[in-house]
>>> print(open('entry_19.csv').read())   # CSV, C-alpha atoms
chain,number,residue,atom,x,y,z
A,29,MET,CA,31.6,-7.3,9.3
A,30,SER,CA,29.7,-9.3,6.8
A,31,LEU,CA,26.5,-9.0,8.9
A,32,LEU,CA,27.1,-5.3,9.5
A,33,LYS,CA,27.5,-4.7,5.7
A,34,GLN,CA,24.4,-6.8,5.0
A,35,GLU,CA,22.3,-4.9,7.5
A,36,LYS,CA,23.6,-1.4,6.8
A,37,PHE,CA,20.1,0.0,6.3
A,38,LEU,CA,18.9,-1.3,9.6
A,39,ILE,CA,22.0,0.1,11.3
A,40,VAL,CA,21.4,3.5,9.7
A,41,ALA,CA,17.8,3.4,11.0
A,42,LEU,CA,19.0,2.5,14.5
A,43,LEU,CA,21.4,5.4,14.5
A,44,MET,CA,18.6,7.7,13.4
A,45,ALA,CA,16.4,6.4,16.2
A,46,VAL,CA,19.1,7.1,18.8
A,47,LEU,CA,19.7,10.6,17.3
A,48,ALA,CA,15.9,11.3,17.3
A,49,HIS,CA,15.6,10.4,20.9
A,50,SER,CA,18.6,12.5,21.9
A,51,GLY,CA,16.6,15.8,21.7
A,52,ILE,CA,16.8,16.7,18.1
A,53,THR,CA,13.1,15.8,17.6
A,54,GLU,CA,11.9,18.4,20.1
A,55,HIS,CA,14.2,21.0,18.7
A,56,ALA,CA,12.9,20.5,15.2
A,57,ALA,CA,9.3,20.7,16.4
A,58,ALA,CA,10.0,23.9,18.3
A,59,GLY,CA,11.9,25.3,15.3
A,60,GLY,CA,8.8,25.6,13.1
A,61,TRP,CA,7.2,23.6,10.3
A,62,PRO,CA,10.2,23.7,7.9
A,63,ALA,CA,12.5,22.0,10.3
A,64,ALA,CA,9.8,19.6,11.4
A,65,LEU,CA,9.0,18.7,7.8
A,66,GLY,CA,12.6,18.1,7.0
A,67,LEU,CA,13.1,15.8,10.0
A,68,SER,CA,9.8,14.0,9.2
A,69,VAL,CA,11.0,13.2,5.7
A,70,VAL,CA,14.3,11.8,7.2
A,71,LEU,CA,12.4,9.8,9.8
A,72,VAL,CA,10.0,8.3,7.2
A,73,GLY,CA,13.1,7.3,5.1
A,74,ALA,CA,14.6,5.6,8.2
A,75,ILE,CA,11.3,3.8,9.0
A,76,LEU,CA,11.2,2.6,5.4
A,77,ALA,CA,14.8,1.4,5.7
A,78,ALA,CA,14.0,-0.6,8.9
A,79,SER,CA,10.8,-2.0,7.4
A,80,MET,CA,12.7,-3.0,4.3
A,81,SER,CA,15.1,-5.0,6.5
A,82,VAL,CA,12.1,-6.6,8.3
A,83,ALA,CA,10.5,-7.5,5.0
A,84,HIS,CA,13.8,-8.8,3.6
A,85,HIS,CA,14.2,-11.3,6.4
A,86,ALA,CA,10.5,-12.2,6.2
A,87,GLU,CA,11.1,-12.9,2.5
A,88,LEU,CA,14.1,-15.2,3.4
A,89,LEU,CA,11.9,-17.1,5.8
A,90,ALA,CA,9.1,-17.1,3.2
A,91,ALA,CA,11.4,-18.7,0.7
A,92,LYS,CA,12.0,-21.6,3.1
A,93,LEU,CA,8.3,-22.0,3.9
A,94,GLY,CA,6.9,-21.5,0.3
A,95,ASP,CA,3.4,-20.3,-0.6
A,96,PRO,CA,1.0,-19.7,1.0
A,97,TYR,CA,2.9,-19.7,4.3
A,98,GLY,CA,5.6,-17.4,2.9
A,99,SER,CA,3.2,-14.8,1.6
A,100,MET,CA,1.3,-14.9,4.9
A,101,LEU,CA,4.5,-14.2,6.8
A,102,LEU,CA,5.2,-11.3,4.5
A,103,THR,CA,1.8,-9.7,5.0
A,104,LEU,CA,1.8,-10.3,8.8
A,105,SER,CA,5.2,-8.6,9.1
A,106,ALA,CA,3.8,-5.6,7.2
A,107,VAL,CA,0.7,-5.5,9.4
A,108,ALA,CA,2.9,-5.6,12.5
A,109,VAL,CA,4.8,-2.5,11.3
A,110,GLU,CA,1.6,-0.8,10.4
A,111,VAL,CA,-0.1,-1.4,13.7
A,112,ILE,CA,3.0,-0.1,15.6
A,113,VAL,CA,3.3,3.1,13.5
A,114,LEU,CA,-0.4,3.7,13.4
A,115,GLY,CA,-0.9,3.1,17.1
A,116,ILE,CA,1.9,5.4,18.2
A,117,ILE,CA,0.9,8.2,15.7
A,118,LEU,CA,-2.8,7.8,16.3
A,119,PHE,CA,-2.7,8.3,20.1
A,120,SER,CA,-0.1,11.1,19.8
A,121,HIS,CA,-1.9,13.0,17.0
A,122,GLY,CA,-5.4,12.4,18.4
A,123,SER,CA,-7.2,12.4,15.1
A,124,PRO,CA,-10.3,10.0,15.3
A,125,THR,CA,-10.2,9.4,11.5
A,126,LEU,CA,-6.5,8.6,11.1
A,127,ALA,CA,-6.9,4.8,11.5
A,128,ARG,CA,-9.8,4.8,9.1
A,129,ASP,CA,-7.9,6.8,6.5
A,130,SER,CA,-4.8,4.7,6.9
A,131,ILE,CA,-6.6,1.4,6.4
A,132,TYR,CA,-8.5,2.8,3.4
A,133,ALA,CA,-5.2,4.1,2.0
A,134,ALA,CA,-3.5,0.8,2.6
A,135,VAL,CA,-6.2,-1.1,0.7
A,136,MET,CA,-6.0,1.4,-2.2
A,137,LEU,CA,-2.2,1.0,-2.2
A,138,ASP,CA,-2.2,-2.8,-2.0
A,139,ILE,CA,-4.9,-3.6,-4.5
A,140,ASN,CA,-4.8,-0.7,-7.0
A,141,GLY,CA,-1.2,0.4,-6.6
A,142,THR,CA,0.7,-2.8,-6.0
A,143,LEU,CA,-1.4,-5.3,-7.9
A,144,GLY,CA,-2.1,-2.9,-10.7
A,145,LEU,CA,1.5,-2.0,-11.2
A,146,ALA,CA,2.6,-5.6,-10.9
A,147,ALA,CA,0.1,-6.8,-13.5
A,148,LEU,CA,1.0,-4.0,-15.8
A,149,MET,CA,4.8,-4.6,-15.6
A,150,GLY,CA,4.3,-8.4,-15.7
A,151,GLY,CA,1.9,-8.2,-18.6
A,152,PHE,CA,4.3,-6.2,-20.7
A,153,LYS,CA,7.1,-8.7,-20.0
A,154,HIS,CA,5.2,-12.0,-20.0
A,155,GLY,CA,1.8,-11.3,-21.6
A,156,GLU,CA,-0.8,-13.2,-19.6
A,157,GLN,CA,0.3,-14.5,-16.2
A,158,SER,CA,-1.5,-17.3,-14.5
A,159,TYR,CA,-2.6,-17.7,-10.8
A,160,ASN,CA,-5.2,-19.6,-8.8
A,161,ASP,CA,-8.5,-17.8,-9.6
A,162,ASP,CA,-10.2,-19.4,-6.6
A,163,SER,CA,-7.9,-17.7,-4.2
A,164,GLY,CA,-8.4,-14.3,-6.0
A,165,ARG,CA,-12.2,-14.6,-5.7
A,166,THR,CA,-11.9,-15.6,-2.1
A,167,TYR,CA,-9.7,-12.7,-1.2
A,168,THR,CA,-12.1,-10.2,-2.8
A,169,ALA,CA,-15.2,-11.6,-1.1
A,170,MET,CA,-13.5,-11.6,2.3
A,171,ILE,CA,-12.1,-8.0,2.0
A,172,LEU,CA,-15.6,-6.8,0.9
A,173,THR,CA,-17.2,-8.5,3.9
A,174,ALA,CA,-14.6,-7.2,6.4
A,175,MET,CA,-14.7,-3.6,5.1
A,176,GLY,CA,-18.4,-3.7,4.8
A,177,ILE,CA,-19.1,-4.6,8.4
A,178,ALA,CA,-16.3,-2.6,9.9
A,179,MET,CA,-16.1,0.6,7.7
A,180,VAL,CA,-19.5,1.0,6.0
A,181,VAL,CA,-22.2,-0.3,8.4
A,182,PRO,CA,-20.9,1.8,11.3
A,183,GLU,CA,-22.2,4.9,9.5
A,184,PHE,CA,-25.8,3.6,10.2
A,185,VAL,CA,-25.2,2.5,13.8
A,186,PRO,CA,-26.7,4.9,16.4
A,187,GLN,CA,-24.1,6.6,18.6
A,188,HIS,CA,-25.4,4.9,21.8
A,189,SER,CA,-24.8,1.5,20.2
A,190,TRP,CA,-21.2,2.1,18.9
A,191,ALA,CA,-19.5,0.4,21.9
A,192,ILE,CA,-21.4,-2.9,21.6
A,193,TYR,CA,-21.1,-2.8,17.8
A,194,ASN,CA,-17.3,-2.2,18.1
A,195,VAL,CA,-17.0,-5.3,20.2
A,196,PHE,CA,-19.1,-7.3,17.7
A,197,THR,CA,-16.9,-6.0,14.9
A,198,MET,CA,-13.7,-7.0,16.6
A,199,VAL,CA,-15.0,-10.5,17.3
A,200,ALA,CA,-16.3,-10.9,13.8
A,201,LEU,CA,-13.1,-9.8,12.1
A,202,VAL,CA,-10.9,-12.1,14.3
A,203,LEU,CA,-13.2,-15.0,13.5
A,204,LEU,CA,-13.1,-14.2,9.8
A,205,TYR,CA,-9.3,-14.0,9.8
A,206,GLY,CA,-9.1,-17.1,12.0
A,207,VAL,CA,-11.0,-19.2,9.4
A,208,PHE,CA,-8.9,-17.7,6.6
A,209,LEU,CA,-5.7,-18.6,8.5
A,210,ARG,CA,-6.9,-22.1,9.2
A,211,MET,CA,-7.6,-22.5,5.5
A,212,GLN,CA,-4.3,-20.9,4.4
A,213,VAL,CA,-1.9,-22.9,6.6
A,214,GLY,CA,-4.0,-26.0,7.2
A,215,PRO,CA,-4.8,-29.1,5.1
A,216,HIS,CA,-6.5,-26.8,2.5
A,217,SER,CA,-3.5,-24.6,2.0
A,218,TYR,CA,-3.4,-25.5,-1.7
A,219,PHE,CA,-6.5,-23.3,-2.1
A,220,PHE,CA,-4.1,-20.2,-1.9
A,221,SER,CA,-1.3,-21.7,-4.0
A,222,TYR,CA,-0.7,-22.0,-7.7
A,223,SER,CA,-0.9,-25.8,-7.7
A,224,TYR,CA,-4.5,-26.7,-7.2
A,225,PRO,CA,-5.6,-30.4,-7.2
A,226,ASP,CA,-8.1,-31.6,-9.8
A,227,LYS,CA,-7.3,-28.6,-12.1
A,228,LYS,CA,-4.9,-28.5,-15.0
A,229,ARG,CA,-2.4,-25.6,-14.6
A,230,ARG,CA,0.9,-24.8,-16.1
A,231,ALA,CA,3.8,-25.4,-13.7
A,232,PRO,CA,5.2,-22.1,-12.4
A,233,PRO,CA,8.8,-21.2,-13.3
A,234,PRO,CA,11.5,-22.2,-10.8
A,235,LEU,CA,12.5,-19.7,-8.1
A,236,ASP,CA,15.4,-17.5,-8.7
A,237,ALA,CA,18.6,-18.5,-7.0
A,238,GLU,CA,18.4,-15.4,-4.9
A,239,VAL,CA,15.1,-16.4,-3.4
A,240,ALA,CA,15.6,-20.2,-3.4
A,241,GLU,CA,18.8,-20.0,-1.4
A,242,PRO,CA,18.5,-17.7,1.6
A,243,GLU,CA,21.8,-16.4,2.8
A,244,SER,CA,21.0,-16.5,6.5
A,245,GLY,CA,19.5,-18.9,9.0
A,246,ALA,CA,16.0,-18.8,10.4
A,247,THR,CA,17.1,-17.8,13.9
A,248,SER,CA,19.1,-14.8,12.8
A,249,SER,CA,16.3,-13.7,10.5
A,250,ILE,CA,13.8,-13.8,13.3
A,251,VAL,CA,16.1,-11.9,15.7
A,252,ILE,CA,16.8,-9.2,13.0
A,253,MET,CA,13.0,-8.9,12.3
A,254,LEU,CA,12.2,-8.3,15.9
A,255,ALA,CA,15.0,-5.7,16.2
A,256,GLY,CA,13.7,-4.0,13.1
A,257,VAL,CA,10.2,-3.8,14.5
A,258,ALA,CA,11.5,-2.3,17.7
A,259,ILE,CA,13.5,0.3,15.7
A,260,VAL,CA,10.3,1.1,13.7
A,261,GLY,CA,8.5,1.8,17.0
A,262,ALA,CA,11.2,4.1,18.2
A,263,LEU,CA,11.2,6.0,15.0
A,264,ALA,CA,7.4,6.2,14.8
A,265,GLU,CA,7.4,7.8,18.3
A,266,ALA,CA,9.7,10.5,17.0
A,267,LEU,CA,7.7,11.0,13.9
A,268,SER,CA,4.5,11.5,16.0
A,269,VAL,CA,6.2,14.6,17.4
A,270,THR,CA,7.3,16.2,14.1
A,271,MET,CA,4.7,15.2,11.6
A,272,PRO,CA,1.7,17.0,13.1
A,273,VAL,CA,3.8,20.2,13.2
A,274,ALA,CA,4.7,19.7,9.6
A,275,LEU,CA,1.1,19.1,8.5
A,276,GLU,CA,-0.2,22.1,10.4
A,277,GLY,CA,2.5,24.4,8.9
A,278,THR,CA,1.9,23.2,5.4
A,279,HIS,CA,-1.9,23.0,5.8
A,280,ALA,CA,-1.8,19.5,4.4
A,281,PRO,CA,-4.8,17.2,5.0
A,282,VAL,CA,-4.7,14.6,7.7
A,283,ALA,CA,-5.3,12.0,4.9
A,284,LEU,CA,-1.7,12.7,3.8
A,285,LEU,CA,-0.4,11.3,7.1
A,286,ALA,CA,-2.6,8.3,6.6
A,287,LEU,CA,-1.1,7.8,3.2
A,288,VAL,CA,2.4,8.0,4.7
A,289,VAL,CA,1.5,5.3,7.2
A,290,ALA,CA,0.2,3.1,4.4
A,291,VAL,CA,3.4,3.6,2.3
A,292,ILE,CA,5.6,2.8,5.3
A,293,SER,CA,3.8,-0.5,5.9
A,294,ALA,CA,3.3,-1.5,2.3
A,295,GLY,CA,6.6,-0.2,0.9
A,296,PRO,CA,8.6,-3.5,1.3
A,297,GLU,CA,5.6,-5.5,0.0
A,298,ILE,CA,5.4,-3.5,-3.1
A,299,ILE,CA,9.0,-4.3,-4.1
A,300,THR,CA,8.5,-8.0,-3.2
A,301,ALA,CA,5.2,-8.2,-5.3
A,302,LEU,CA,6.8,-6.4,-8.3
A,303,ARG,CA,9.8,-8.8,-8.3
A,304,ALA,CA,7.4,-11.8,-8.1
A,305,ALA,CA,5.4,-10.5,-11.1
A,306,LEU,CA,8.6,-9.9,-13.1
A,307,ARG,CA,9.6,-13.5,-12.4
A,308,ASN,CA,6.2,-14.6,-13.7
A,309,ARG,CA,5.0,-15.7,-10.3
A,310,MET,CA,1.7,-13.9,-10.2
A,311,GLN,CA,0.3,-16.2,-7.5
A,312,SER,CA,2.8,-14.7,-5.0
A,313,THR,CA,1.8,-11.2,-6.1
A,314,VAL,CA,-1.9,-11.9,-5.6
A,315,ASN,CA,-1.2,-13.5,-2.2
A,316,ILE,CA,0.9,-10.5,-1.1
A,317,ALA,CA,-1.4,-7.7,-2.4
A,318,MET,CA,-4.8,-9.2,-1.6
A,319,GLY,CA,-3.5,-10.9,1.6
A,320,ALA,CA,-2.0,-7.6,2.8
A,321,SER,CA,-5.4,-5.8,2.4
A,322,LEU,CA,-7.3,-8.6,4.1
A,323,SER,CA,-4.8,-8.7,7.0
A,324,THR,CA,-4.8,-4.9,7.3
A,325,VAL,CA,-8.6,-4.8,7.7
A,326,THR,CA,-9.1,-7.9,9.8
A,327,LEU,CA,-6.1,-7.5,12.2
A,328,THR,CA,-5.4,-3.7,12.3
A,329,ILE,CA,-9.0,-2.7,13.0
A,330,PRO,CA,-9.5,-5.0,16.1
A,331,VAL,CA,-6.2,-4.0,17.6
A,332,ILE,CA,-6.7,-0.3,17.1
A,333,THR,CA,-10.3,-0.4,18.2
A,334,LEU,CA,-9.3,-2.3,21.4
A,335,LEU,CA,-6.6,0.3,22.1
A,336,ALA,CA,-9.0,3.2,21.5
A,337,MET,CA,-11.6,1.7,23.9
A,338,CYS,CA,-9.0,0.9,26.6
A,339,LEU,CA,-7.5,4.4,26.4
A,340,GLY,CA,-10.7,6.3,25.9
A,341,GLN,CA,-9.6,7.7,22.6
A,342,PRO,CA,-12.2,8.8,20.0
A,343,LEU,CA,-12.2,6.6,16.9
A,344,GLN,CA,-14.2,7.0,13.7
A,345,MET,CA,-14.1,3.9,11.4
A,346,ALA,CA,-17.1,4.7,9.1
A,347,MET,CA,-15.8,5.7,5.6
A,348,THR,CA,-16.8,8.9,3.9
A,349,PRO,CA,-19.1,8.6,0.8
A,350,VAL,CA,-16.1,9.1,-1.5
A,351,GLN,CA,-14.0,6.4,0.3
A,352,ALA,CA,-16.9,4.0,0.2
A,353,VAL,CA,-17.5,4.5,-3.5
A,354,MET,CA,-13.8,4.1,-4.3
A,355,THR,CA,-13.7,0.9,-2.2
A,356,VAL,CA,-16.7,-0.6,-4.0
A,357,ILE,CA,-15.3,0.3,-7.4
A,358,THR,CA,-12.0,-1.2,-6.5
A,359,LEU,CA,-13.4,-4.5,-5.2
A,360,VAL,CA,-15.8,-4.8,-8.2
A,361,VAL,CA,-13.0,-4.3,-10.6
A,362,ALA,CA,-10.8,-6.8,-8.6
A,363,ALA,CA,-13.6,-9.4,-8.7
A,364,ILE,CA,-13.9,-9.1,-12.4
A,365,ASN,CA,-10.2,-9.1,-13.1
A,366,LEU,CA,-9.4,-11.9,-10.7
A,367,ASN,CA,-12.1,-14.2,-12.1
A,368,ASP,CA,-10.3,-16.0,-14.9
A,369,GLY,CA,-6.9,-17.1,-13.5
A,370,GLN,CA,-4.8,-14.8,-15.7
A,371,THR,CA,-3.8,-11.2,-15.5
A,372,ASN,CA,-2.6,-8.9,-18.3
A,373,ALA,CA,-1.4,-5.4,-18.8
A,374,ILE,CA,-4.9,-4.0,-19.4
A,375,GLU,CA,-6.2,-5.3,-16.1
A,376,GLY,CA,-3.2,-3.9,-14.4
A,377,MET,CA,-3.8,-0.5,-16.0
A,378,THR,CA,-7.4,-0.4,-14.7
A,379,HIS,CA,-6.3,-0.8,-11.1
A,380,LEU,CA,-3.4,1.7,-11.7
A,381,VAL,CA,-5.9,4.3,-12.9
A,382,LEU,CA,-8.0,3.8,-9.8
A,383,PHE,CA,-4.9,4.3,-7.7
A,384,LEU,CA,-4.1,7.6,-9.5
A,385,THR,CA,-7.7,8.6,-8.9
A,386,PHE,CA,-7.2,7.9,-5.2
A,387,LEU,CA,-4.1,10.0,-5.1
A,388,MET,CA,-5.9,12.9,-6.9
A,389,LEU,CA,-8.8,12.7,-4.4
A,390,THR,CA,-6.3,12.7,-1.5
A,391,ALA,CA,-4.5,15.8,-2.9
A,392,ILE,CA,-7.7,17.8,-3.1
A,393,GLY,CA,-8.7,16.8,0.4
A,394,LEU,CA,-11.4,14.2,-0.3
>>> encode(input="entry_19.csv", output="structure tokens")
Amino acid sequence: MSLLKQEKFLIVALLMAVLAHSGITEHAAAGGWPAALGLSVVLVGAILAASMSVAHHAELLAAKLGDPYGSMLLTLSAVAVEVIVLGIILFSHGSPTLARDSIYAAVMLDINGTLGLAALMGGFKHGEQSYNDDSGRTYTAMILTAMGIAMVVPEFVPQHSWAIYNVFTMVALVLLYGVFLRMQVGPHSYFFSYSYPDKKRRAPPPLDAEVAEPESGATSSIVIMLAGVAIVGALAEALSVTMPVALEGTHAPVALLALVVAVISAGPEIITALRAALRNRMQSTVNIAMGASLSTVTLTIPVITLLAMCLGQPLQMAMTPVQAVMTVITLVVAAINLNDGQTNAIEGMTHLVLFLTFLMLTAIGL
């Protein structure tokens, strides 16, 4: 009973998945866009509930592992959810730009939304918050490199060379993330942690009791995480039926669906990053926000590209001019703000304004 009470949100998501696959999804889609829109909202809420459970148990495991292993586990769990949701909706909806728009939206949400709001809230509460500036610069350079070769350069690649360039991109991104992973969990893991040898830094505050003492074992957390990911997949399959009907009926842009996918994958991370910032642990916030963006680009693009090539689905990864400009502005601002080892409310507000700009551009269809 204690476990059932603790996992009530996951159980609700499971019940919703069973209900969605009992025929209600098809009835809602056939009933017109109002019914499809209502069920889509419910399904998104259920997916968020399941992903919150996945992220919660990833956080419990992360507390045992510590940074940077913990932050890496959190970001990888979010990427797994994103790949599942994006893959199912992408190949059901058939939009060649959905993957591009979702990855772009995820980067805007992670860097400008999550990091910006965390630095703003943490700055108001603690003033300046310290972190390892070397890790911040490294994240920014790697994200710029990955998005450049995978989402900017393809605009200039001739159509007859797309296939070979896609293969090159997949290999390059996997190699890039492989080196990053080797550095993050290998003997140089201190590079992405607050305590950096040969540098004088204030000791971070102790972990809260809630995080320092996980309430469940590692085995149960892993099992629940896997169950949560399976439930997310079942719910995403149902959402792929109702969401296109809702978008068509409301005449909403496809970019809105991409934003929904990004929110689903980043929702749990946002809460974790904000809590870390309020506890004055900005290093964890930087690792989560920037690491999530890097993992999204370097892992999601190869997986989705490989699926598209195997299934013969059209895929357009080159960003639009507006998306490219917003990405460059975001990464330039991040490079400047993450260059001194301390964040404050002003730096957070600059990213938050960029995120609000992204939302405005999405609302007007750009």
>>> residues_around(input="entry_19.csv", residues="segment 359-367 of chain A", least_positions_apart="6", cutoff="9 Å", atoms="all atoms listed in the file", output="list in words")
Ile139, Asn140, Tyr159, Asn160, Asp161, Asp162, Ser163, Gly164, Arg165, Thr168, Ala169, Ile171, Leu172, Glu375, Gly376, Thr378 and His379 of chain A
>>> residues_near_point(input="entry_19.csv", point="(14.8, -17.8, 13.4)", cutoff="12 Å", atoms="all atoms listed in the file", output="ChimeraX atom specification")
/A:85-86,88-90,92,244-254
>>> closest_residue(input="entry_19.csv", among="A:Met175, A:Met211, A:Leu118, A:Val257", to="Ser81 of chain A", atoms="all atoms listed in the file")
A:Val257
>>> residues_near_point(input="entry_19.csv", point="(-0.2, 12.5, 15.0)", cutoff="10 Å", atoms="only C-alpha atoms", output="list of chain:residue names")
A:Leu114, A:Gly115, A:Ile116, A:Ile117, A:Leu118, A:Phe119, A:Ser120, A:His121, A:Gly122, A:Ser123, A:Leu126, A:Ala264, A:Glu265, A:Leu267, A:Ser268, A:Val269, A:Thr270, A:Met271, A:Pro272, A:Val273, A:Leu275, A:Val282, A:Leu285, A:Ala286
>>> write_last_selection(input="entry_19.csv", atoms="C-alpha atoms", output="PDB file, in the frame of the given file")
ATOM      1  CA  LEU A 114      -0.400   3.700  13.400  1.00  0.00           C
ATOM      2  CA  GLY A 115      -0.900   3.100  17.100  1.00  0.00           C
ATOM      3  CA  ILE A 116       1.900   5.400  18.200  1.00  0.00           C
ATOM      4  CA  ILE A 117       0.900   8.200  15.700  1.00  0.00           C
ATOM      5  CA  LEU A 118      -2.800   7.800  16.300  1.00  0.00           C
ATOM      6  CA  PHE A 119      -2.700   8.300  20.100  1.00  0.00           C
ATOM      7  CA  SER A 120      -0.100  11.100  19.800  1.00  0.00           C
ATOM      8  CA  HIS A 121      -1.900  13.000  17.000  1.00  0.00           C
ATOM      9  CA  GLY A 122      -5.400  12.400  18.400  1.00  0.00           C
ATOM     10  CA  SER A 123      -7.200  12.400  15.100  1.00  0.00           C
ATOM     11  CA  LEU A 126      -6.500   8.600  11.100  1.00  0.00           C
ATOM     12  CA  ALA A 264       7.400   6.200  14.800  1.00  0.00           C
ATOM     13  CA  GLU A 265       7.400   7.800  18.300  1.00  0.00           C
ATOM     14  CA  LEU A 267       7.700  11.000  13.900  1.00  0.00           C
ATOM     15  CA  SER A 268       4.500  11.500  16.000  1.00  0.00           C
ATOM     16  CA  VAL A 269       6.200  14.600  17.400  1.00  0.00           C
ATOM     17  CA  THR A 270       7.300  16.200  14.100  1.00  0.00           C
ATOM     18  CA  MET A 271       4.700  15.200  11.600  1.00  0.00           C
ATOM     19  CA  PRO A 272       1.700  17.000  13.100  1.00  0.00           C
ATOM     20  CA  VAL A 273       3.800  20.200  13.200  1.00  0.00           C
ATOM     21  CA  LEU A 275       1.100  19.100   8.500  1.00  0.00           C
ATOM     22  CA  VAL A 282      -4.700  14.600   7.700  1.00  0.00           C
ATOM     23  CA  LEU A 285      -0.400  11.300   7.100  1.00  0.00           C
ATOM     24  CA  ALA A 286      -2.600   8.300   6.600  1.00  0.00           C
TER      25      ALA A 286
END
>>> closest_residue(input="entry_19.csv", among="A:Pro349, A:Pro182, A:Gly295, A:Gly206", to="Leu322 of chain A", atoms="only C-alpha atoms")
A:Gly206
>>> atom_distance(input="entry_19.csv", atom1="atom CA of Ala305 of chain A", atom2="atom CA of Ala106 of chain A")
19.0 Å
>>> closest_atom_pairs(input="entry_19.csv", of="segment 324-382 of chain A", to="segment 183-188 of chain A", cutoff="9 Å", atoms="only C-alpha atoms", output="tab-separated table")
residue	atom	partner	partner_atom	distance
A:Met345	CA	A:Glu183	CA	8.4
A:Ala346	CA	A:Glu183	CA	5.1
A:Met347	CA	A:Glu183	CA	7.5
A:Thr348	CA	A:Glu183	CA	8.7
>>> residues_around(input="entry_19.csv", residues="Gln157 of chain A", least_positions_apart="3", cutoff="7 Å", atoms="only C-alpha atoms", output="mmCIF file with C-alpha atoms, keeping the file's coordinate frame")
data_model
loop_
_atom_site.group_PDB
_atom_site.id
_atom_site.type_symbol
_atom_site.label_atom_id
_atom_site.label_comp_id
_atom_site.auth_asym_id
_atom_site.auth_seq_id
_atom_site.Cartn_x
_atom_site.Cartn_y
_atom_site.Cartn_z
ATOM 1 C CA GLY A 151 1.900 -8.200 -18.600
ATOM 2 C CA HIS A 154 5.200 -12.000 -20.000
ATOM 3 C CA ASN A 308 6.200 -14.600 -13.700
ATOM 4 C CA MET A 310 1.700 -13.900 -10.200
ATOM 5 C CA GLN A 370 -4.800 -14.800 -15.700
ATOM 6 C CA THR A 371 -3.800 -11.200 -15.500
ATOM 7 C CA ASN A 372 -2.600 -8.900 -18.300
#
>>> atom_distance(input="entry_19.csv", atom1="atom CA of Ala174 of chain A", atom2="atom CA of Leu101 of chain A")
20.3 Å
>>> atom_distance(input="entry_19.csv", atom1="atom CA of Leu382 of chain A", atom2="atom CA of Leu284 of chain A")
17.4 Å
>>> closest_atom_pairs(input="entry_19.csv", of="segment 245-301 of chain A", to="segment 36-50 of chain A", cutoff="7 Å", atoms="only C-alpha atoms", output="CSV")
residue,atom,partner,partner_atom,distance
A:Gly256,CA,A:Leu38,CA,6.8
A:Ile259,CA,A:Leu42,CA,6.0
A:Ala262,CA,A:Ala45,CA,6.0
A:Leu263,CA,A:Ala45,CA,5.4
A:Ala266,CA,A:Ala48,CA,6.3
>>> closest_residue(input="entry_19.csv", among="A:Gly369, A:Gly176, A:Pro281, A:Gly319", to="Ala352 of chain A", atoms="all atoms listed in the file")
A:Gly176
>>> closest_residue(input="entry_19.csv", among="A:Ile374, A:Ala258, A:Leu104, A:Val181", to="Met149 of chain A", atoms="only C-alpha atoms")
A:Ile374
>>> closest_residue(input="entry_19.csv", among="A:Val72, A:Phe208, A:Tyr167, A:Ser221", to="Arg309 of chain A", atoms="only C-alpha atoms")
A:Ser221
>>> closest_residue(input="entry_19.csv", among="A:Glu156, A:Glu276, A:Glu35, A:Asp138", to="Ser79 of chain A", atoms="only C-alpha atoms")
A:Glu35
>>> axis_aligned_box(input="entry_19.csv", around="segment 334-340 of chain A", padding_each_side="3 Å", output="JSON")
{"center_x": -9.1, "center_y": 2.0, "center_z": 24.0, "size_x": 11.0, "size_y": 14.6, "size_z": 11.2}
>>> decode(input="entry_19.csv", residues="segment 354-362 of chain A", atoms="N, CA and C atoms", output="short mmCIF file (atom, residue, chain, number, x, y, z; two decimals), in the first residue's frame")
data_model
loop_
_atom_site.label_atom_id
_atom_site.label_comp_id
_atom_site.auth_asym_id
_atom_site.auth_seq_id
_atom_site.Cartn_x
_atom_site.Cartn_y
_atom_site.Cartn_z
N MET A 354 17.84 32.48 -33.55
CA MET A 354 17.53 32.34 -32.12
C MET A 354 18.52 31.39 -31.43
N THR A 355 18.94 30.34 -32.14
CA THR A 355 19.91 29.42 -31.57
C THR A 355 21.26 30.09 -31.37
N VAL A 356 21.71 30.84 -32.36
CA VAL A 356 23.00 31.54 -32.24
C VAL A 356 22.95 32.56 -31.10
N ILE A 357 21.88 33.35 -31.02
CA ILE A 357 21.75 34.33 -29.94
C ILE A 357 21.78 33.64 -28.59
N THR A 358 21.04 32.53 -28.48
CA THR A 358 20.98 31.79 -27.21
C THR A 358 22.35 31.30 -26.78
N LEU A 359 23.10 30.70 -27.70
CA LEU A 359 24.39 30.12 -27.35
C LEU A 359 25.45 31.20 -27.11
N VAL A 360 25.35 32.33 -27.82
CA VAL A 360 26.28 33.44 -27.55
C VAL A 360 26.02 34.00 -26.15
N VAL A 361 24.75 34.22 -25.82
CA VAL A 361 24.41 34.72 -24.48
C VAL A 361 24.83 33.72 -23.41
N ALA A 362 24.62 32.41 -23.68
CA ALA A 362 25.03 31.39 -22.71
C ALA A 362 26.55 31.38 -22.54
#
